[in-house]
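S.K.: Provided herewith: run21.pdb, PDB, C-alpha atoms and all ligand atoms.
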```
ATOM      1  CA  MET A   1     -20.689  14.933  -6.515  1.00  0.00           C
ATOM      2  CA  SER A   2     -22.074  12.104  -4.417  1.00  0.00           C
ATOM      3  CA  ASP A   3     -25.692  11.936  -3.282  1.00  0.00           C
ATOM      4  CA  ALA A   4     -26.842  12.501   0.281  1.00  0.00           C
ATOM      5  CA  PHE A   5     -27.704   9.317   2.144  1.00  0.00           C
ATOM      6  CA  GLU A   6     -31.406   8.890   2.824  1.00  0.00           C
ATOM      7  CA  ALA A   7     -30.743   7.366   6.238  1.00  0.00           C
ATOM      8  CA  THR A   8     -29.178   8.226   9.577  1.00  0.00           C
ATOM      9  CA  PRO A   9     -26.639   6.114  11.464  1.00  0.00           C
ATOM     10  CA  VAL A  10     -28.882   3.962  13.666  1.00  0.00           C
ATOM     11  CA  GLU A  11     -27.280   2.196  16.627  1.00  0.00           C
ATOM     12  CA  ILE A  12     -25.800  -1.199  15.709  1.00  0.00           C
ATOM     13  CA  LEU A  13     -24.837  -3.736  18.373  1.00  0.00           C
ATOM     14  CA  THR A  14     -22.265  -6.434  17.628  1.00  0.00           C
ATOM     15  CA  PRO A  15     -20.994  -9.080  20.064  1.00  0.00           C
ATOM     16  CA  ARG A  16     -18.332  -6.712  21.453  1.00  0.00           C
ATOM     17  CA  LEU A  17     -19.124  -3.257  20.120  1.00  0.00           C
ATOM     18  CA  ARG A  18     -21.778  -0.596  20.120  1.00  0.00           C
ATOM     19  CA  LEU A  19     -21.756   1.461  16.933  1.00  0.00           C
ATOM     20  CA  ARG A  20     -23.418   4.827  17.331  1.00  0.00           C
ATOM     21  CA  ALA A  21     -23.429   8.132  15.470  1.00  0.00           C
ATOM     22  CA  LEU A  22     -20.141   9.990  15.625  1.00  0.00           C
ATOM     23  CA  LEU A  23     -20.609  13.308  17.470  1.00  0.00           C
ATOM     24  CA  PRO A  24     -18.733  16.625  17.659  1.00  0.00           C
ATOM     25  CA  ASP A  25     -17.956  15.734  21.301  1.00  0.00           C
ATOM     26  CA  ASP A  26     -15.917  12.755  20.087  1.00  0.00           C
ATOM     27  CA  ALA A  27     -13.195  15.098  18.747  1.00  0.00           C
ATOM     28  CA  SER A  28     -10.805  14.665  21.645  1.00  0.00           C
ATOM     29  CA  ALA A  29     -11.126  10.846  21.644  1.00  0.00           C
ATOM     30  CA  VAL A  30     -10.685  10.757  17.860  1.00  0.00           C
ATOM     31  CA  HIS A  31      -7.668  13.042  18.089  1.00  0.00           C
ATOM     32  CA  ALA A  32      -6.168  10.784  20.781  1.00  0.00           C
ATOM     33  CA  TYR A  33      -6.052   7.756  18.476  1.00  0.00           C
ATOM     34  CA  ALA A  34      -6.392   8.892  14.856  1.00  0.00           C
ATOM     35  CA  PHE A  35      -3.286  11.075  14.792  1.00  0.00           C
ATOM     36  CA  ASP A  36      -1.057   8.319  16.135  1.00  0.00           C
ATOM     37  CA  PRO A  37       1.545   7.990  13.324  1.00  0.00           C
ATOM     38  CA  GLU A  38       0.794   4.259  12.983  1.00  0.00           C
ATOM     39  CA  VAL A  39      -2.950   4.861  12.581  1.00  0.00           C
ATOM     40  CA  ALA A  40      -2.333   7.764  10.174  1.00  0.00           C
ATOM     41  CA  ARG A  41       0.247   5.879   8.088  1.00  0.00           C
ATOM     42  CA  PHE A  42      -2.103   4.922   5.242  1.00  0.00           C
ATOM     43  CA  VAL A  43      -4.849   7.543   5.568  1.00  0.00           C
ATOM     44  CA  PRO A  44      -5.168  10.992   3.982  1.00  0.00           C
ATOM     45  CA  TRP A  45      -4.416  13.078   7.077  1.00  0.00           C
ATOM     46  CA  ARG A  46      -1.083  13.971   8.642  1.00  0.00           C
ATOM     47  CA  PRO A  47      -0.091  12.371  11.943  1.00  0.00           C
ATOM     48  CA  HIS A  48       0.369  14.705  14.939  1.00  0.00           C
ATOM     49  CA  SER A  49      -2.236  17.174  13.721  1.00  0.00           C
ATOM     50  CA  SER A  50      -4.181  19.258  16.219  1.00  0.00           C
ATOM     51  CA  GLU A  51      -7.516  18.478  17.844  1.00  0.00           C
ATOM     52  CA  LEU A  52      -8.975  21.187  15.586  1.00  0.00           C
ATOM     53  CA  PHE A  53      -8.308  18.876  12.646  1.00  0.00           C
ATOM     54  CA  ALA A  54     -10.219  16.069  14.394  1.00  0.00           C
ATOM     55  CA  LYS A  55     -13.113  18.497  14.883  1.00  0.00           C
ATOM     56  CA  GLY A  56     -12.955  19.381  11.170  1.00  0.00           C
ATOM     57  CA  LEU A  57     -12.825  15.715  10.169  1.00  0.00           C
ATOM     58  CA  ILE A  58     -15.920  14.965  12.269  1.00  0.00           C
ATOM     59  CA  LYS A  59     -17.661  18.031  10.818  1.00  0.00           C
ATOM     60  CA  VAL A  60     -17.053  16.739   7.296  1.00  0.00           C
ATOM     61  CA  ILE A  61     -18.055  13.135   7.879  1.00  0.00           C
ATOM     62  CA  THR A  62     -21.228  14.038   9.750  1.00  0.00           C
ATOM     63  CA  GLN A  63     -22.596  15.758   6.639  1.00  0.00           C
ATOM     64  CA  PRO A  64     -25.440  13.990   4.792  1.00  0.00           C
ATOM     65  CA  GLN A  65     -23.063  12.783   2.047  1.00  0.00           C
ATOM     66  CA  PHE A  66     -21.528  10.548   4.735  1.00  0.00           C
ATOM     67  CA  LEU A  67     -23.002   7.896   6.983  1.00  0.00           C
ATOM     68  CA  ASN A  68     -20.802   7.381   9.997  1.00  0.00           C
ATOM     69  CA  TRP A  69     -20.538   5.353  13.161  1.00  0.00           C
ATOM     70  CA  ALA A  70     -18.237   5.662  16.154  1.00  0.00           C
ATOM     71  CA  MET A  71     -17.023   2.300  17.457  1.00  0.00           C
ATOM     72  CA  THR A  72     -17.423   2.081  21.229  1.00  0.00           C
ATOM     73  CA  LYS A  73     -16.716  -0.843  23.524  1.00  0.00           C
ATOM     74  CA  PRO A  74     -19.371  -1.062  26.253  1.00  0.00           C
ATOM     75  CA  PRO A  75     -19.578  -0.320  29.085  1.00  0.00           C
ATOM     76  CA  THR A  76     -17.609   2.794  28.027  1.00  0.00           C
ATOM     77  CA  ASP A  77     -18.929   5.246  25.439  1.00  0.00           C
ATOM     78  CA  LEU A  78     -15.475   6.382  24.299  1.00  0.00           C
ATOM     79  CA  ALA A  79     -14.966   6.456  20.518  1.00  0.00           C
ATOM     80  CA  ILE A  80     -12.125   4.011  19.803  1.00  0.00           C
ATOM     81  CA  GLY A  81     -12.636   3.935  16.065  1.00  0.00           C
ATOM     82  CA  MET A  82     -15.008   4.799  13.260  1.00  0.00           C
ATOM     83  CA  VAL A  83     -16.653   3.290  10.213  1.00  0.00           C
ATOM     84  CA  PHE A  84     -18.119   5.562   7.581  1.00  0.00           C
ATOM     85  CA  MET A  85     -19.611   5.372   4.133  1.00  0.00           C
ATOM     86  CA  HIS A  86     -19.294   8.016   1.457  1.00  0.00           C
ATOM     87  CA  SER A  87     -19.437   8.467  -2.334  1.00  0.00           C
ATOM     88  CA  PHE A  88     -23.033   7.226  -2.268  1.00  0.00           C
ATOM     89  CA  SER A  89     -24.696   6.986  -5.667  1.00  0.00           C
ATOM     90  CA  LYS A  90     -28.450   6.599  -5.590  1.00  0.00           C
ATOM     91  CA  GLN A  91     -28.546   5.765  -9.284  1.00  0.00           C
ATOM     92  CA  HIS A  92     -25.940   3.028  -9.057  1.00  0.00           C
ATOM     93  CA  GLN A  93     -26.933   1.885  -5.539  1.00  0.00           C
ATOM     94  CA  LYS A  94     -23.357   1.897  -4.366  1.00  0.00           C
ATOM     95  CA  ALA A  95     -21.115   3.581  -1.802  1.00  0.00           C
ATOM     96  CA  GLU A  96     -17.580   3.413  -0.465  1.00  0.00           C
ATOM     97  CA  ILE A  97     -16.691   2.295   3.063  1.00  0.00           C
ATOM     98  CA  ALA A  98     -13.759   3.409   5.236  1.00  0.00           C
ATOM     99  CA  PHE A  99     -12.677   2.698   8.800  1.00  0.00           C
ATOM    100  CA  ASN A 100     -10.010   3.174  11.441  1.00  0.00           C
ATOM    101  CA  LEU A 101      -9.370   1.973  14.959  1.00  0.00           C
ATOM    102  CA  ALA A 102      -7.159   2.957  17.903  1.00  0.00           C
ATOM    103  CA  ARG A 103      -3.894   1.019  17.870  1.00  0.00           C
ATOM    104  CA  ALA A 104      -4.464  -0.462  21.351  1.00  0.00           C
ATOM    105  CA  HIS A 105      -7.387  -2.454  19.898  1.00  0.00           C
ATOM    106  CA  TRP A 106      -5.779  -3.824  16.729  1.00  0.00           C
ATOM    107  CA  ASN A 107      -5.646  -7.490  15.780  1.00  0.00           C
ATOM    108  CA  GLN A 108      -8.578  -8.595  17.904  1.00  0.00           C
ATOM    109  CA  GLY A 109     -11.051  -8.796  15.020  1.00  0.00           C
ATOM    110  CA  LEU A 110     -12.840  -5.595  16.061  1.00  0.00           C
ATOM    111  CA  ALA A 111     -12.647  -3.776  12.720  1.00  0.00           C
ATOM    112  CA  THR A 112     -13.878  -6.902  10.939  1.00  0.00           C
ATOM    113  CA  GLU A 113     -16.775  -7.099  13.417  1.00  0.00           C
ATOM    114  CA  ALA A 114     -17.716  -3.423  13.011  1.00  0.00           C
ATOM    115  CA  VAL A 115     -17.273  -3.161   9.248  1.00  0.00           C
ATOM    116  CA  GLY A 116     -19.128  -6.446   8.750  1.00  0.00           C
ATOM    117  CA  ALA A 117     -22.097  -5.114  10.708  1.00  0.00           C
ATOM    118  CA  VAL A 118     -22.159  -1.896   8.660  1.00  0.00           C
ATOM    119  CA  LEU A 119     -21.973  -3.867   5.394  1.00  0.00           C
ATOM    120  CA  GLN A 120     -24.954  -5.924   6.537  1.00  0.00           C
ATOM    121  CA  PHE A 121     -26.837  -2.696   7.374  1.00  0.00           C
ATOM    122  CA  ALA A 122     -25.926  -1.221   3.992  1.00  0.00           C
ATOM    123  CA  PHE A 123     -27.179  -4.227   2.050  1.00  0.00           C
ATOM    124  CA  GLN A 124     -30.230  -5.061   4.155  1.00  0.00           C
ATOM    125  CA  GLN A 125     -31.455  -1.640   5.306  1.00  0.00           C
ATOM    126  CA  LEU A 126     -30.141   0.732   2.639  1.00  0.00           C
ATOM    127  CA  GLY A 127     -30.619  -1.731  -0.208  1.00  0.00           C
ATOM    128  CA  LEU A 128     -27.216  -1.006  -1.736  1.00  0.00           C
ATOM    129  CA  ASN A 129     -26.043  -3.257  -4.530  1.00  0.00           C
ATOM    130  CA  ARG A 130     -22.280  -2.684  -4.355  1.00  0.00           C
ATOM    131  CA  ILE A 131     -19.859  -1.442  -1.725  1.00  0.00           C
ATOM    132  CA  GLU A 132     -16.339  -0.398  -2.573  1.00  0.00           C
ATOM    133  CA  ALA A 133     -13.251   0.274  -0.488  1.00  0.00           C
ATOM    134  CA  LEU A 134      -9.885   1.724  -1.393  1.00  0.00           C
ATOM    135  CA  CYS A 135      -6.656   1.035   0.411  1.00  0.00           C
ATOM    136  CA  MET A 136      -2.988   1.635  -0.152  1.00  0.00           C
ATOM    137  CA  PRO A 137      -1.227  -1.527  -1.360  1.00  0.00           C
ATOM    138  CA  GLU A 138       1.069  -1.493   1.704  1.00  0.00           C
ATOM    139  CA  ASN A 139      -1.887  -1.463   4.126  1.00  0.00           C
ATOM    140  CA  LEU A 140      -1.919  -5.224   4.696  1.00  0.00           C
ATOM    141  CA  SER A 141      -4.116  -5.114   7.765  1.00  0.00           C
ATOM    142  CA  SER A 142      -6.849  -3.137   6.011  1.00  0.00           C
ATOM    143  CA  ARG A 143      -6.609  -5.429   2.989  1.00  0.00           C
ATOM    144  CA  LYS A 144      -7.036  -8.428   5.309  1.00  0.00           C
ATOM    145  CA  VAL A 145     -10.166  -6.925   6.885  1.00  0.00           C
ATOM    146  CA  LEU A 146     -11.660  -6.337   3.430  1.00  0.00           C
ATOM    147  CA  GLU A 147     -10.834  -9.837   2.217  1.00  0.00           C
ATOM    148  CA  LYS A 148     -12.204 -11.437   5.394  1.00  0.00           C
ATOM    149  CA  LEU A 149     -15.478  -9.634   4.689  1.00  0.00           C
ATOM    150  CA  GLY A 150     -15.689 -10.871   1.118  1.00  0.00           C
ATOM    151  CA  LEU A 151     -14.519  -7.765  -0.740  1.00  0.00           C
ATOM    152  CA  ALA A 152     -12.631  -8.833  -3.845  1.00  0.00           C
ATOM    153  CA  PHE A 153      -9.561  -7.083  -5.232  1.00  0.00           C
ATOM    154  CA  GLU A 154     -10.574  -5.454  -8.520  1.00  0.00           C
ATOM    155  CA  GLY A 155      -7.382  -3.686  -9.461  1.00  0.00           C
ATOM    156  CA  ARG A 156      -4.724  -1.148  -8.669  1.00  0.00           C
ATOM    157  CA  MET A 157      -5.346   2.498  -9.524  1.00  0.00           C
ATOM    158  CA  ARG A 158      -1.973   4.060 -10.186  1.00  0.00           C
ATOM    159  CA  LYS A 159      -1.195   7.283  -8.303  1.00  0.00           C
ATOM    160  CA  ALA A 160      -4.898   7.755  -7.656  1.00  0.00           C
ATOM    161  CA  HIS A 161      -4.617   9.661  -4.368  1.00  0.00           C
ATOM    162  CA  HIS A 162      -2.588  12.697  -3.491  1.00  0.00           C
ATOM    163  CA  ARG A 163      -1.758  13.564   0.106  1.00  0.00           C
ATOM    164  CA  TYR A 164       0.882  15.600   1.936  1.00  0.00           C
ATOM    165  CA  ASP A 165       3.734  13.269   0.879  1.00  0.00           C
ATOM    166  CA  GLY A 166       2.817  12.847  -2.775  1.00  0.00           C
ATOM    167  CA  PHE A 167       0.789  10.509  -4.975  1.00  0.00           C
ATOM    168  CA  HIS A 168      -0.151   6.982  -3.912  1.00  0.00           C
ATOM    169  CA  ASP A 169      -1.447   3.931  -5.734  1.00  0.00           C
ATOM    170  CA  MET A 170      -4.814   2.739  -4.413  1.00  0.00           C
ATOM    171  CA  ASP A 171      -6.194  -0.791  -4.521  1.00  0.00           C
ATOM    172  CA  LEU A 172      -9.890  -1.117  -5.271  1.00  0.00           C
ATOM    173  CA  PHE A 173     -11.952  -3.756  -3.449  1.00  0.00           C
ATOM    174  CA  ALA A 174     -15.683  -4.359  -3.755  1.00  0.00           C
ATOM    175  CA  VAL A 175     -18.466  -6.663  -2.646  1.00  0.00           C
ATOM    176  CA  LEU A 176     -21.905  -7.096  -4.199  1.00  0.00           C
ATOM    177  CA  ALA A 177     -25.162  -7.535  -2.325  1.00  0.00           C
ATOM    178  CA  PRO A 178     -25.946 -11.157  -1.543  1.00  0.00           C
ATOM    179  CA  PRO A 179     -28.615 -12.563  -3.850  1.00  0.00           C
ATOM    180  CA  ARG A 180     -32.093 -11.876  -2.491  1.00  0.00           C
ATOM    181  CA  PRO A 181     -34.207 -14.978  -1.816  1.00  0.00           C
ATOM    182  CA  ALA A 182     -36.711 -15.571  -4.610  1.00  0.00           C
ATOM    183  CA  SER A 183     -40.260 -14.832  -3.436  1.00  0.00           C
ATOM    184  CA  SER A 184     -42.295 -17.994  -2.973  1.00  0.00           C
ATOM    185  CA  PRO A 185     -45.024 -18.666  -5.509  1.00  0.00           C
ATOM    186  CA  GLY A 186     -48.624 -18.008  -4.513  1.00  0.00           C
TER
HETATM  187  C1  LIG B 201      -7.067  -1.415   9.367  1.00  0.00           C
HETATM  188  C2  LIG B 201      -7.540  -1.527  10.821  1.00  0.00           C
HETATM  189  C3  LIG B 201      -8.862  -0.794  10.996  1.00  0.00           C
HETATM  190  C4  LIG B 201      -7.708  -3.012  11.166  1.00  0.00           C
HETATM  191  O1  LIG B 201      -8.291  -3.115  12.458  1.00  0.00           O
HETATM  192  P1  LIG B 201      -8.220  -4.467  13.310  1.00  0.00           P
HETATM  193  O2  LIG B 201      -9.313  -4.442  14.314  1.00  0.00           O
HETATM  194  O3  LIG B 201      -6.844  -4.682  13.768  1.00  0.00           O
HETATM  195  O4  LIG B 201      -8.575  -5.555  12.198  1.00  0.00           O
HETATM  196  P2  LIG B 201      -8.907  -7.083  12.456  1.00  0.00           P
HETATM  197  O5  LIG B 201      -8.308  -7.519  13.751  1.00  0.00           O
HETATM  198  O6  LIG B 201     -10.371  -7.255  12.283  1.00  0.00           O
HETATM  199  O7  LIG B 201      -8.160  -7.786  11.237  1.00  0.00           O
HETATM  200  C5  LIG B 201      -6.803  -7.458  10.963  1.00  0.00           C
HETATM  201  C6  LIG B 201      -6.173  -8.604  10.206  1.00  0.00           C
HETATM  202  O8  LIG B 201      -4.966  -8.142   9.602  1.00  0.00           O
HETATM  203  C7  LIG B 201      -3.889  -9.006   9.968  1.00  0.00           C
HETATM  204  N1  LIG B 201      -2.679  -8.189   9.964  1.00  0.00           N
HETATM  205  C8  LIG B 201      -2.319  -7.211  10.805  1.00  0.00           C
HETATM  206  N2  LIG B 201      -1.136  -6.701  10.450  1.00  0.00           N
HETATM  207  C9  LIG B 201      -0.745  -7.382   9.343  1.00  0.00           C
HETATM  208  C10 LIG B 201       0.401  -7.327   8.501  1.00  0.00           C
HETATM  209  N3  LIG B 201       1.382  -6.455   8.705  1.00  0.00           N
HETATM  210  N4  LIG B 201       0.459  -8.186   7.464  1.00  0.00           N
HETATM  211  C11 LIG B 201      -0.535  -9.071   7.209  1.00  0.00           C
HETATM  212  N5  LIG B 201      -1.648  -9.166   7.985  1.00  0.00           N
HETATM  213  C12 LIG B 201      -1.742  -8.328   9.028  1.00  0.00           C
HETATM  214  C13 LIG B 201      -4.277  -9.514  11.331  1.00  0.00           C
HETATM  215  O9  LIG B 201      -3.591 -10.692  11.668  1.00  0.00           O
HETATM  216  C14 LIG B 201      -5.785  -9.759  11.110  1.00  0.00           C
HETATM  217  O10 LIG B 201      -6.022 -10.936  10.368  1.00  0.00           O
HETATM  218  P3  LIG B 201      -6.494 -12.319  11.076  1.00  0.00           P
HETATM  219  O11 LIG B 201      -7.806 -12.020  11.732  1.00  0.00           O
HETATM  220  O12 LIG B 201      -6.607 -13.275   9.946  1.00  0.00           O
HETATM  221  O13 LIG B 201      -5.436 -12.662  12.072  1.00  0.00           O
HETATM  222  C15 LIG B 201      -6.498  -0.901  11.783  1.00  0.00           C
HETATM  223  O14 LIG B 201      -5.256  -1.533  11.579  1.00  0.00           O
HETATM  224  C16 LIG B 201      -6.329   0.599  11.583  1.00  0.00           C
HETATM  225  O15 LIG B 201      -7.077   1.392  12.129  1.00  0.00           O
HETATM  226  N6  LIG B 201      -5.338   1.001  10.767  1.00  0.00           N
HETATM  227  C17 LIG B 201      -5.078   2.420  10.567  1.00  0.00           C
HETATM  228  C18 LIG B 201      -6.179   3.115   9.769  1.00  0.00           C
HETATM  229  C19 LIG B 201      -6.353   2.471   8.421  1.00  0.00           C
HETATM  230  O16 LIG B 201      -5.367   2.107   7.787  1.00  0.00           O
HETATM  231  N7  LIG B 201      -7.604   2.330   8.015  1.00  0.00           N
HETATM  232  C20 LIG B 201      -7.941   1.738   6.748  1.00  0.00           C
HETATM  233  C21 LIG B 201      -7.743   2.713   5.662  1.00  0.00           C
HETATM  234  S1  LIG B 201      -8.085   1.931   4.084  1.00  0.00           S
END
```
Let's see the structure in the file written out as C-alpha cells.
Ligand SMILES: CC(C)(COP(=O)(O)OP(=O)(O)OC[C@H]1O[C@@H](n2cnc3c(N)ncnc32)[C@H](O)[C@@H]1OP(=O)(O)O)[C@@H](O)C(=O)NCCC(=O)NCCS
M.R.:
Amino acid sequence: MSDAFEATPVEILTPRLRLRALLPDDASAVHAYAFDPEVARFVPWRPHSSELFAKGLIKVITQPQFLNWAMTKPPTDLAIGMVFMHSFSKQHQKAEIAFNLARAHWNQGLATEAVGAVLQFAFQQLGLNRIEALCMPENLSSRKVLEKLGLAFEGRMRKAHHRYDGFHDMDLFAVLAPPRPASSPG
C-alpha cells in the first residue's frame, strides 16, 4: 500500500502549458482523448470505454495516494492531457510518474515540458529522492520522453502487468534527485 502524498497539486506554469489539479468536471475532456485507441494502446484501460470510466479514472487518481495535474494550453482551460504520481513511499522518498496526452498534440515536446516540470516540483518541493516510470517496451514515444528527461532504463520486468488483453512486459526507468548544493561554511 502506498502512502498518501503530503501535498496538493499546486498550479505549475511552463512556457506553453498550465498544469492544474485534475477535476471531476474534466471527465468529458479526458474521455474525448484518453479512449482514442492510439492513446490507449499502451495504457491499462480499454479504448472506446464510456465517459463513466473516465469519471472513475479521475475519481481514483484524485485520491490522496495520487498527485495529479491536468495539462491545459492557455488561453483554454480544456484538459488535453494529464501527469500524475502514485506509489509514493515516504520511507524511501520515491514515487512513480505517469502521463498521457491527446493525440492532436503529440510530437511537439508538450509531454516532455509537462513531465519535466512535475519532476522538478517533485524533487524541489516534495523532496523526493527517486522517481520511477514504467512503460511497455513498444511504447517508443513514452520511452523517448523519459530518456529526454534523464530517466535511465533499469531493466525489463517480464509479464509484470496484466490488462484486458493479457500480460505485458514493463520497462523500468528511474531518475535520482540532483545533488543538493553543499551549504557554504560559516
Ligand atoms: C507518450 C506521450 C505522452 C508523448 O507525448 P508527446 O507530447 O508527443 O511527447 P514529446 O513530443 O515530448 O516527445 C515524444 C518523442 O518521441 C518521439 N517519437 C514519437 N513517436 C516515436 C516512434 N514511433 N519511435 C521513436 N520515437 C518516437 C518524438 O519524435 C519525440 O522525440 P523528439 O523530441 O526527440 O523528436 C503521448 O504519445 C501519449 O499520450 N501516448 C499515449 C499514452 C501513453 O502511452 N502514455 C505513457 C504511458 S507509459
S.K.: How far is it from atom CA of A:Ala182 to atom CA of A:Leu128, in Å with one decimal?
M.R.: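 Computing the Euclidean distance for atom CA of A:Ala182 and atom CA of A:Leu128 yields 17.6 Å.
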S.K.: Distance limit 7 Å, reference ligand LIG 201 (chain B), atoms considered: all atoms listed in the file. Which residues make the cut? Give them as a VMD selection string.
M.R.: chain A and resid 38 to 43 98 to 103 105 to 113 134 to 136 139 to 142 144 to 145
S.K.: For the structure shown, which residues end up in the PyMOL selection byres (((chain A and resi 50-52) around 10) and not hetatm)? Put them as a list in words, please?
M.R.: Ala27, Ser28, Ala29, Val30, His31, Ala32, Phe35, Arg46, Pro47, His48, Ser49, Phe53, Ala54, Lys55, Gly56, Leu57 and Ile58 of chain A
S.K.: As a list in words, please: the residues near A:Ala122 (cut-off 10 Å, all atoms listed in the file, same-chain neighbours under 2 positions excluded).
M.R.: Met85, Lys94, Ala95, Ile97, Gly116, Ala117, Val118, Leu119, Gln120, Gln124, Gln125, Leu126, Gly127, Leu128, Asn129, Arg130, Ile131 and Ala177 of chain A
S.K.: Take the residues from that selection and write them out as a short mmCIF file (atom, residue, chain, number, x, y, z; two decimals), in the coordinates of the input, keeping C-alpha atoms.
M.R.:
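That gives us part_39.cif:
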```cif
data_model
loop_
_atom_site.label_atom_id
_atom_site.label_comp_id
_atom_site.auth_asym_id
_atom_site.auth_seq_id
_atom_site.Cartn_x
_atom_site.Cartn_y
_atom_site.Cartn_z
CA MET A 85 -19.61 5.37 4.13
CA LYS A 94 -23.36 1.90 -4.37
CA ALA A 95 -21.12 3.58 -1.80
CA ILE A 97 -16.69 2.30 3.06
CA GLY A 116 -19.13 -6.45 8.75
CA ALA A 117 -22.10 -5.11 10.71
CA VAL A 118 -22.16 -1.90 8.66
CA LEU A 119 -21.97 -3.87 5.39
CA GLN A 120 -24.95 -5.92 6.54
CA GLN A 124 -30.23 -5.06 4.16
CA GLN A 125 -31.46 -1.64 5.31
CA LEU A 126 -30.14 0.73 2.64
CA GLY A 127 -30.62 -1.73 -0.21
CA LEU A 128 -27.22 -1.01 -1.74
CA ASN A 129 -26.04 -3.26 -4.53
CA ARG A 130 -22.28 -2.68 -4.36
CA ILE A 131 -19.86 -1.44 -1.72
CA ALA A 177 -25.16 -7.54 -2.33
#
```
S.K.: Within 6 Å of A:Ser89, counting only C-alpha atoms, which residues qualify if same-chain residues fewer than 2 places away don't, as a list in words?
M.R.: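 The residues satisfying every condition are Ser2, Asp3, Gln91, His92, Gln93 and Lys94 of chain A.
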S.K.: Based on the selection just made, write C-alpha atoms of those residues as a compact mmCIF listing (two decimals), in the coordinates of the input.
M.R.:
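Written out: out.txt:
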```txt
# COMPACT_ATOMS: atom_id res chain seq x y z
CA SER A 2 -22.07 12.10 -4.42
CA ASP A 3 -25.69 11.94 -3.28
CA GLN A 91 -28.55 5.76 -9.28
CA HIS A 92 -25.94 3.03 -9.06
CA GLN A 93 -26.93 1.88 -5.54
CA LYS A 94 -23.36 1.90 -4.37
```
S.K.: Which residues come within 10 Å of A:Asp165, counting all atoms listed in the file, excluding same-chain residues fewer than 2 positions away, as a list in words?
M.R.: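 Near neighbours after the sequence-gap exclusion: Pro44, Arg46, His162, Arg163, Phe167 and His168 of chain A.
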S.K.: Would you mind telling me which residue in A:Asp36, A:Asp25, A:Asp77, A:Glu154 lies nearest to A:Ala104 when using all atoms listed in the file?
M.R.: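 The closest residue to A:Ala104 is A:Asp36.
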S.K.: Kindly indicate which residue among A:Pro15, A:His161, A:Phe123, A:Asp26 lies nearest to A:Arg180, using only C-alpha atoms for the distances.
M.R.: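 The answer is A:Phe123, which sits nearest to A:Arg180.
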S.K.: Using atom CA of A:Phe121 and atom CA of A:Leu17 as the two end points, give the distance in Å to one decimal.
M.R.: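 Computing it gives 14.9 Å between the two atoms.
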S.K.: Using all atoms listed in the file for the distances, tell me which of A:Arg143, A:Arg156, A:Lys73, A:Lys59 is nearest to A:Arg20.
M.R.: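 Comparing A:Arg143, A:Arg156, A:Lys73, A:Lys59 against A:Arg20, the winner is A:Lys73.
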S.K.: In Å, with one decimal, what is the gap from atom CA of A:Ala7 to atom CA of A:Tyr33?
M.R.: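 Computed distance, atom CA of A:Ala7 to atom CA of A:Tyr33, equals 27.6 Å.
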S.K.: Let me know the residues the PyMOL selection byres (((chain A and resi 11) around 10) and not hetatm) catches in the file above, as number ranges by chain.
M.R.: A: 8-10, 12-13, 18-21, 69-70
S.K.: How big is the axis-aligned box, and where does its centre sit, when it encloses all atoms of stretch 105-121 of chain A listed in the file and has 6 Å added on every side, reported in Å to one decimal as lines of an AutoDock Vina configuration file?
M.R.:
```
center_x = -16.2
center_y = -5.3
center_z = 12.6
size_x = 33.2
size_y = 18.9
size_z = 26.5
```
S.K.: Have a look at A:Asp169, A:Arg158, A:Met1, A:Leu151 and name the one nearest to A:Glu138; count all atoms listed in the file.
M.R.: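 Result for the nearest residue to A:Glu138: A:Asp169.
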S.K.: Scan for residues within 9 Å of the point (-17.4, -7.0, -1.4) in the coordinates of the file, using all atoms listed in the file, and reply as a PyMOL selection string.
M.R.: chain A and resi 119+130-133+146-147+149-153+173-177
